[in-house]
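As stored in start.json (JSON, C-alpha atoms):
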```json
[["chain", "number", "residue", "atom", "x", "y", "z"],
["A", 1, "MET", "CA", 3.67, 55.73, -2.21],
["A", 2, "ASP", "CA", 3.42, 52.69, 0.01],
["A", 3, "ASN", "CA", 0.14, 52.34, 1.91],
["A", 4, "VAL", "CA", -1.68, 54.76, -0.46],
["A", 5, "PHE", "CA", -4.48, 53.31, -2.59],
["A", 6, "VAL", "CA", -6.33, 55.40, -5.18],
["A", 7, "MET", "CA", -9.57, 53.73, -6.29],
["A", 8, "ASN", "CA", -10.09, 53.41, -10.02],
["A", 9, "HIS", "CA", -13.31, 51.41, -10.05],
["A", 10, "PRO", "CA", -15.72, 52.78, -12.70],
["A", 11, "LEU", "CA", -18.66, 52.90, -10.27],
["A", 12, "ILE", "CA", -16.69, 54.95, -7.75],
["A", 13, "GLN", "CA", -15.48, 57.35, -10.43],
["A", 14, "HIS", "CA", -18.98, 57.74, -11.89],
["A", 15, "LYS", "CA", -20.53, 58.54, -8.50],
["A", 16, "ILE", "CA", -17.75, 61.00, -7.66],
["A", 17, "SER", "CA", -18.53, 62.83, -10.89],
["A", 18, "LEU", "CA", -22.17, 63.08, -9.80],
["A", 19, "ILE", "CA", -21.33, 64.59, -6.41],
["A", 20, "ARG", "CA", -19.05, 67.16, -8.07],
["A", 21, "LYS", "CA", -21.99, 68.66, -9.97],
["A", 22, "LYS", "CA", -23.19, 71.83, -8.25],
["A", 23, "GLU", "CA", -26.83, 71.04, -9.11],
["A", 24, "THR", "CA", -26.75, 67.74, -7.19],
["A", 25, "GLY", "CA", -29.13, 68.32, -4.27],
["A", 26, "THR", "CA", -28.74, 67.38, -0.62],
["A", 27, "ASN", "CA", -30.74, 64.15, -0.72],
["A", 28, "GLU", "CA", -28.94, 62.76, -3.77],
["A", 29, "PHE", "CA", -25.55, 64.00, -2.52],
["A", 30, "ARG", "CA", -26.04, 62.27, 0.84],
["A", 31, "ARG", "CA", -27.10, 59.02, -0.85],
["A", 32, "LEU", "CA", -24.13, 59.08, -3.22],
["A", 33, "ILE", "CA", -21.66, 59.69, -0.37],
["A", 34, "GLU", "CA", -23.05, 56.60, 1.36],
["A", 35, "GLU", "CA", -22.83, 54.52, -1.83],
["A", 36, "ILE", "CA", -19.23, 55.61, -2.48],
["A", 37, "ALA", "CA", -18.33, 54.70, 1.12],
["A", 38, "ILE", "CA", -19.78, 51.22, 0.58],
["A", 39, "LEU", "CA", -17.78, 50.70, -2.61],
["A", 40, "MET", "CA", -14.56, 52.06, -1.08],
["A", 41, "GLY", "CA", -15.08, 50.10, 2.13],
["A", 42, "PHE", "CA", -15.53, 46.87, 0.21],
["A", 43, "GLU", "CA", -11.99, 47.28, -1.10],
["A", 44, "ALA", "CA", -10.42, 48.82, 2.02],
["A", 45, "LEU", "CA", -11.65, 46.00, 4.26],
["A", 46, "ARG", "CA", -10.44, 43.11, 2.11],
["A", 47, "ASP", "CA", -7.76, 42.20, 4.69],
["A", 48, "LEU", "CA", -10.03, 41.90, 7.74],
["A", 49, "PRO", "CA", -8.92, 38.96, 9.92],
["A", 50, "MET", "CA", -10.86, 35.70, 9.53],
["A", 51, "GLU", "CA", -11.29, 32.53, 11.56],
["A", 52, "GLU", "CA", -12.81, 29.15, 10.77],
["A", 53, "VAL", "CA", -16.00, 28.43, 12.72],
["A", 54, "GLU", "CA", -18.37, 25.47, 12.69],
["A", 55, "VAL", "CA", -21.88, 26.01, 11.34],
["A", 56, "GLU", "CA", -24.66, 23.61, 10.48],
["A", 57, "THR", "CA", -26.17, 23.91, 7.03],
["A", 58, "PRO", "CA", -29.43, 22.14, 6.04],
["A", 59, "MET", "CA", -27.13, 19.40, 4.72],
["A", 60, "GLU", "CA", -24.32, 18.97, 7.28],
["A", 61, "LYS", "CA", -21.91, 20.61, 9.67],
["A", 62, "CYS", "CA", -18.93, 22.40, 8.15],
["A", 63, "MET", "CA", -16.09, 24.76, 8.98],
["A", 64, "THR", "CA", -16.47, 28.13, 7.30],
["A", 65, "PRO", "CA", -14.70, 31.52, 7.56],
["A", 66, "MET", "CA", -16.11, 34.43, 9.56],
["A", 67, "LEU", "CA", -14.68, 37.72, 10.82],
["A", 68, "SER", "CA", -12.55, 37.33, 13.93],
["A", 69, "GLY", "CA", -11.24, 39.52, 16.72],
["A", 70, "ARG", "CA", -12.60, 42.73, 18.18],
["A", 71, "LYS", "CA", -15.28, 44.57, 16.26],
["A", 72, "LEU", "CA", -14.22, 47.22, 13.76],
["A", 73, "ALA", "CA", -14.18, 50.85, 14.92],
["A", 74, "VAL", "CA", -15.53, 53.40, 12.44],
["A", 75, "VAL", "CA", -14.49, 56.93, 13.40],
["A", 76, "PRO", "CA", -15.88, 59.84, 11.38],
["A", 77, "VAL", "CA", -14.16, 63.21, 11.53],
["A", 78, "LEU", "CA", -17.05, 65.52, 12.40],
["A", 79, "ARG", "CA", -19.09, 66.66, 10.82],
["A", 80, "ALA", "CA", -18.78, 65.65, 7.18],
["A", 81, "GLY", "CA", -17.38, 62.22, 8.05],
["A", 82, "LEU", "CA", -20.81, 61.26, 9.44],
["A", 83, "GLY", "CA", -22.02, 60.95, 5.88],
["A", 84, "MET", "CA", -19.76, 57.93, 5.29],
["A", 85, "VAL", "CA", -20.54, 55.98, 8.48],
["A", 86, "SER", "CA", -23.71, 54.25, 7.27],
["A", 87, "GLY", "CA", -21.83, 52.99, 4.21],
["A", 88, "ILE", "CA", -19.26, 51.20, 6.38],
["A", 89, "THR", "CA", -21.85, 49.86, 8.83],
["A", 90, "THR", "CA", -23.83, 48.49, 5.88],
["A", 91, "LEU", "CA", -20.81, 46.26, 5.25],
["A", 92, "VAL", "CA", -20.01, 45.57, 8.93],
["A", 93, "PRO", "CA", -23.21, 46.10, 10.98],
["A", 94, "SER", "CA", -21.47, 45.11, 14.23],
["A", 95, "ALA", "CA", -18.89, 47.91, 13.93],
["A", 96, "LYS", "CA", -18.48, 50.25, 16.88],
["A", 97, "ILE", "CA", -18.60, 53.98, 16.17],
["A", 98, "GLY", "CA", -16.41, 56.71, 17.64],
["A", 99, "HIS", "CA", -16.27, 60.43, 16.87],
["A", 100, "ILE", "CA", -13.52, 63.00, 16.49],
["A", 101, "GLY", "CA", -14.59, 66.64, 16.38],
["A", 102, "LEU", "CA", -12.29, 69.12, 14.66],
["A", 103, "TYR", "CA", -12.78, 72.55, 13.17],
["A", 104, "ARG", "CA", -10.45, 74.47, 10.89],
["A", 105, "ASP", "CA", -9.13, 77.80, 12.14],
["A", 106, "PRO", "CA", -10.19, 80.34, 9.48],
["A", 107, "GLU", "CA", -6.88, 82.20, 9.75],
["A", 108, "THR", "CA", -4.28, 79.43, 10.01],
["A", 109, "HIS", "CA", -6.36, 76.64, 8.37],
["A", 110, "GLU", "CA", -5.03, 74.36, 11.13],
["A", 111, "PRO", "CA", -7.33, 71.93, 13.02],
["A", 112, "LYS", "CA", -8.62, 72.50, 16.55],
["A", 113, "GLU", "CA", -10.09, 69.62, 18.57],
["A", 114, "TYR", "CA", -13.42, 70.00, 20.35],
["A", 115, "TYR", "CA", -14.47, 66.35, 20.85],
["A", 116, "CYS", "CA", -12.93, 62.87, 20.88],
["A", 117, "LYS", "CA", -14.73, 59.69, 21.95],
["A", 118, "LEU", "CA", -13.45, 56.30, 20.78],
["A", 119, "PRO", "CA", -14.68, 52.72, 21.33],
["A", 120, "ASP", "CA", -12.83, 50.88, 24.08],
["A", 121, "PRO", "CA", -10.46, 49.07, 23.87],
["A", 122, "ILE", "CA", -9.35, 50.94, 20.75],
["A", 123, "GLU", "CA", -5.92, 49.25, 20.75],
["A", 124, "GLU", "CA", -7.54, 45.88, 19.94],
["A", 125, "ARG", "CA", -9.60, 47.17, 17.00],
["A", 126, "LEU", "CA", -8.98, 48.11, 13.41],
["A", 127, "THR", "CA", -9.90, 51.81, 13.28],
["A", 128, "VAL", "CA", -11.27, 53.21, 10.03],
["A", 129, "LEU", "CA", -11.18, 57.02, 9.98],
["A", 130, "VAL", "CA", -13.61, 58.48, 7.45],
["A", 131, "ASP", "CA", -13.86, 62.00, 6.01],
["A", 132, "PRO", "CA", -15.07, 62.89, 2.50],
["A", 133, "MET", "CA", -12.28, 65.43, 1.95],
["A", 134, "LEU", "CA", -8.50, 65.40, 2.50],
["A", 135, "ALA", "CA", -7.50, 69.01, 1.87],
["A", 136, "THR", "CA", -4.50, 70.42, 3.77],
["A", 137, "GLY", "CA", -4.15, 67.18, 5.70],
["A", 138, "GLY", "CA", -4.12, 68.99, 9.04],
["A", 139, "SER", "CA", -7.36, 67.50, 10.34],
["A", 140, "ALA", "CA", -6.44, 64.01, 9.13],
["A", 141, "VAL", "CA", -3.02, 64.12, 10.79],
["A", 142, "ALA", "CA", -4.61, 65.37, 14.02],
["A", 143, "ALA", "CA", -7.31, 62.67, 13.91],
["A", 144, "VAL", "CA", -4.73, 59.89, 13.48],
["A", 145, "ASP", "CA", -2.69, 61.48, 16.28],
["A", 146, "PHE", "CA", -5.71, 61.27, 18.60],
["A", 147, "VAL", "CA", -6.37, 57.61, 17.79],
["A", 148, "LYS", "CA", -2.72, 56.72, 18.38],
["A", 149, "GLN", "CA", -2.65, 58.72, 21.64],
["A", 150, "HIS", "CA", -5.59, 56.62, 22.85],
["A", 151, "GLY", "CA", -3.69, 53.43, 21.98],
["A", 152, "GLY", "CA", -4.90, 52.69, 18.45],
["A", 153, "LYS", "CA", -2.37, 50.70, 16.46],
["A", 154, "LYS", "CA", -4.01, 49.54, 13.23],
["A", 155, "ILE", "CA", -5.55, 52.47, 11.36],
["A", 156, "LYS", "CA", -6.97, 52.97, 7.90],
["A", 157, "CYS", "CA", -8.13, 56.33, 6.49],
["A", 158, "MET", "CA", -10.78, 56.74, 3.79],
["A", 159, "PHE", "CA", -11.29, 59.94, 1.78],
["A", 160, "ILE", "CA", -13.51, 60.39, -1.27],
["A", 161, "ILE", "CA", -11.59, 63.40, -2.63],
["A", 162, "ALA", "CA", -7.98, 64.32, -1.80],
["A", 163, "ALA", "CA", -5.55, 67.09, -2.68],
["A", 164, "PRO", "CA", -1.91, 66.17, -3.36],
["A", 165, "GLU", "CA", -0.77, 68.53, -0.59],
["A", 166, "GLY", "CA", -2.93, 66.82, 2.04],
["A", 167, "LEU", "CA", -2.01, 63.33, 0.91],
["A", 168, "LYS", "CA", 1.70, 64.14, 1.12],
["A", 169, "ARG", "CA", 1.33, 65.66, 4.59],
["A", 170, "LEU", "CA", -0.69, 62.75, 6.00],
["A", 171, "HIS", "CA", 1.53, 60.08, 4.47],
["A", 172, "GLU", "CA", 4.72, 61.73, 5.73],
["A", 173, "ALA", "CA", 3.29, 62.16, 9.23],
["A", 174, "HIS", "CA", 1.86, 58.62, 9.45],
["A", 175, "PRO", "CA", 3.54, 56.34, 6.90],
["A", 176, "ASP", "CA", 2.22, 53.25, 8.76],
["A", 177, "VAL", "CA", -1.42, 54.19, 8.08],
["A", 178, "GLN", "CA", -3.20, 52.84, 5.01],
["A", 179, "ILE", "CA", -4.85, 55.66, 3.02],
["A", 180, "TYR", "CA", -7.72, 54.96, 0.61],
["A", 181, "ILE", "CA", -8.74, 57.71, -1.82],
["A", 182, "GLY", "CA", -11.61, 57.87, -4.28],
["A", 183, "HIS", "CA", -9.98, 60.50, -6.49],
["A", 184, "LEU", "CA", -6.77, 62.54, -6.26],
["A", 185, "ASP", "CA", -7.61, 66.08, -7.36],
["A", 186, "ARG", "CA", -5.36, 68.77, -8.85],
["A", 187, "GLU", "CA", -4.52, 71.18, -6.01],
["A", 188, "LEU", "CA", -5.63, 73.39, -3.15],
["A", 189, "ASN", "CA", -6.60, 76.98, -3.93],
["A", 190, "GLU", "CA", -5.57, 80.03, -1.90],
["A", 191, "ASN", "CA", -8.42, 79.37, 0.56],
["A", 192, "ALA", "CA", -7.29, 75.74, 1.09],
["A", 193, "TYR", "CA", -10.26, 74.30, -0.82],
["A", 194, "ILE", "CA", -9.73, 71.32, -3.11],
["A", 195, "CYS", "CA", -9.91, 72.05, -6.87],
["A", 196, "PRO", "CA", -11.84, 70.98, -8.84],
["A", 197, "GLY", "CA", -13.29, 69.38, -5.69],
["A", 198, "LEU", "CA", -16.98, 69.50, -4.83],
["A", 199, "GLY", "CA", -17.36, 72.48, -2.52],
["A", 200, "ASP", "CA", -17.97, 72.10, 1.22],
["A", 201, "ALA", "CA", -18.88, 68.45, 1.81],
["A", 202, "GLY", "CA", -20.45, 69.13, 5.21],
["A", 203, "ASP", "CA", -22.75, 71.84, 3.86],
["A", 204, "ARG", "CA", -23.77, 69.63, 0.94],
["A", 205, "ILE", "CA", -24.44, 66.56, 3.12],
["A", 206, "PHE", "CA", -26.45, 68.41, 5.76],
["A", 207, "GLY", "CA", -28.04, 71.13, 3.62],
["A", 208, "THR", "CA", -26.40, 74.02, 5.45],
["A", 209, "LYS", "CA", -24.53, 77.09, 4.28]]
```
What is this structure when it is put down as structure tokens?
Amino acid sequence: MDNVFVMNHPLIQHKISLIRKKETGTNEFRRLIEEIAILMGFEALRDLPMEEVEVETPMEKCMTPMLSGRKLAVVPVLRAGLGMVSGITTLVPSAKIGHIGLYRDPETHEPKEYYCKLPDPIEERLTVLVDPMLATGGSAVAAVDFVKQHGGKKIKCMFIIAAPEGLKRLHEAHPDVQIYIGHLDRELNENAYICPGLGDAGDRIFGTK
């Protein structure tokens, strides 16, 4: 599929295997999520716009490339997406941070919005939506909808684990959005959890049940 990128880097795959293990504790899980976000972000941000600027080295003045345009917007889907933010801001410390709050209806499994705050002007920024899991795709589609409704035009999505069902739904709803995935898992189960997956990412990041 166009605009879909599945990461195959050995370091990403190794760290994903570690977060799958049920005995991986909160502290290590949180650290690994951040490290995976750094590695995925390094690849996902390879097309950031550049401009030549003049700097003075200890030897001479020269023209050298630096990031150009409005600062990047990192937008986690609450709450689990918060675990990936520090990884992206490690790469781009000047990034602005927005938030989209969604919860999944336990009966329909469809997303409900409870919060949306985006950096302004969002239409002039590259928006990177982050969420560890892409399950049914409902929350991801809704999050991209919100960004576009606020004027966002250039959007990338980053997920550490994805189910084929969610990937198909997101890509069909927003074919213009670049989707970066750490690993494409087998399927969703009857409760709409990713299998083999890694359980509830939010609970494992924040130590809740």
> atom CA of A:Met133 and atom CA of A:Met7, how far apart in Å?
Replying inline: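 These atoms are spaced 14.6 Å apart.
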> Which of these residues is nearest to A:Asn27, using all atoms listed in the file: A:Arg204, A:Lys148, A:Lys96, A:His171?
Replying inline: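 Of A:Arg204, A:Lys148, A:Lys96, A:His171, the one nearest A:Asn27, counting all atoms listed in the file, is A:Arg204.
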>> When you look at A:Gly137 with a cut-off of 12 Å (counting all atoms listed in the file), what residues show up, excluding the ones that are within fewer than 4 positions of it in the same chain? I need them as number ranges by chain.
In response: A: 104, 109-111, 131, 133, 141-144, 157, 159, 161-174, 179, 188, 192-194
> Contacts of A:Ile122 at 8 Å or less, counting all atoms listed in the file, minus same-chain residues fewer than 5 places along, as a VMD selection string?
Replying inline: chain A and resid 73 127 147 150 to 152
>> Just want the 10 Å neighbourhood of A:Val92, counted on all atoms listed in the file, with same-chain residues fewer than 6 positions away dropped. Output as a PyMOL selection string.
In response: chain A and resi 41-42+45+67+71-74+86
Give me a file of those residues, with C-alpha atoms, as an mmCIF file, keeping the file's coordinate frame.
```cif
data_model
loop_
_atom_site.group_PDB
_atom_site.id
_atom_site.type_symbol
_atom_site.label_atom_id
_atom_site.label_comp_id
_atom_site.auth_asym_id
_atom_site.auth_seq_id
_atom_site.Cartn_x
_atom_site.Cartn_y
_atom_site.Cartn_z
ATOM 1 C CA GLY A 41 -15.080 50.100 2.130
ATOM 2 C CA PHE A 42 -15.530 46.870 0.210
ATOM 3 C CA LEU A 45 -11.650 46.000 4.260
ATOM 4 C CA LEU A 67 -14.680 37.720 10.820
ATOM 5 C CA LYS A 71 -15.280 44.570 16.260
ATOM 6 C CA LEU A 72 -14.220 47.220 13.760
ATOM 7 C CA ALA A 73 -14.180 50.850 14.920
ATOM 8 C CA VAL A 74 -15.530 53.400 12.440
ATOM 9 C CA SER A 86 -23.710 54.250 7.270
#
```
> Looking at only C-alpha atoms, which of A:Arg20, A:Glu35, A:Tyr115, A:Val128 is the one that sits closest to A:Gly87?
Replying inline: A:Glu35
> Got a sec: who's within 12 Å of A:Asp105, counting all atoms listed in the file, leaving out chain neighbours fewer than 6 positions off, as a list in words?
Replying inline: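 Result of the neighbour search: Pro111, Lys112, Glu113, Gly138, Ser139, Asn191 and Ala192 of chain A.
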> For A:Leu82, which residue out of A:Asp120, A:Glu34, A:Glu187, A:Glu60 is the nearest one, using all atoms listed in the file?
Replying inline: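 Checking each of A:Asp120, A:Glu34, A:Glu187, A:Glu60 against A:Leu82, counting all atoms listed in the file, the winner is A:Glu34.
Candidate residues A:Ile12, A:Leu39, A:Ile100, A:Val177 were compared for distance to A:Gly81, and the nearest is A:Ile100, using all atoms listed in the file.
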> Please, what distance in Å, to one decimal, runs between atom CA of A:Ile155 and atom CA of A:Ile19?
Replying inline: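 It comes out at 26.7 Å.
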Each residue of stretch 112-195 of chain A with at least one atom at most 12 Å from stretch 47-54 of chain A should appear once, together with its nearest atom pair and the corresponding distance in Å (one decimal); atoms considered: all atoms listed in the file; ordering: chain, then increasing residue number; output as a tab-separated table.
```
residue	atom	partner	partner_atom	distance
A:Arg125	CA	A:Leu48	CA	10.7
A:Leu126	CA	A:Leu48	CA	8.5
A:Thr127	CA	A:Leu48	CA	11.4
A:Val128	CA	A:Leu48	CA	11.6
A:Lys154	CA	A:Leu48	CA	11.2
A:Lys156	CA	A:Asp47	CA	11.3
A:Gln178	CA	A:Asp47	CA	11.6
```
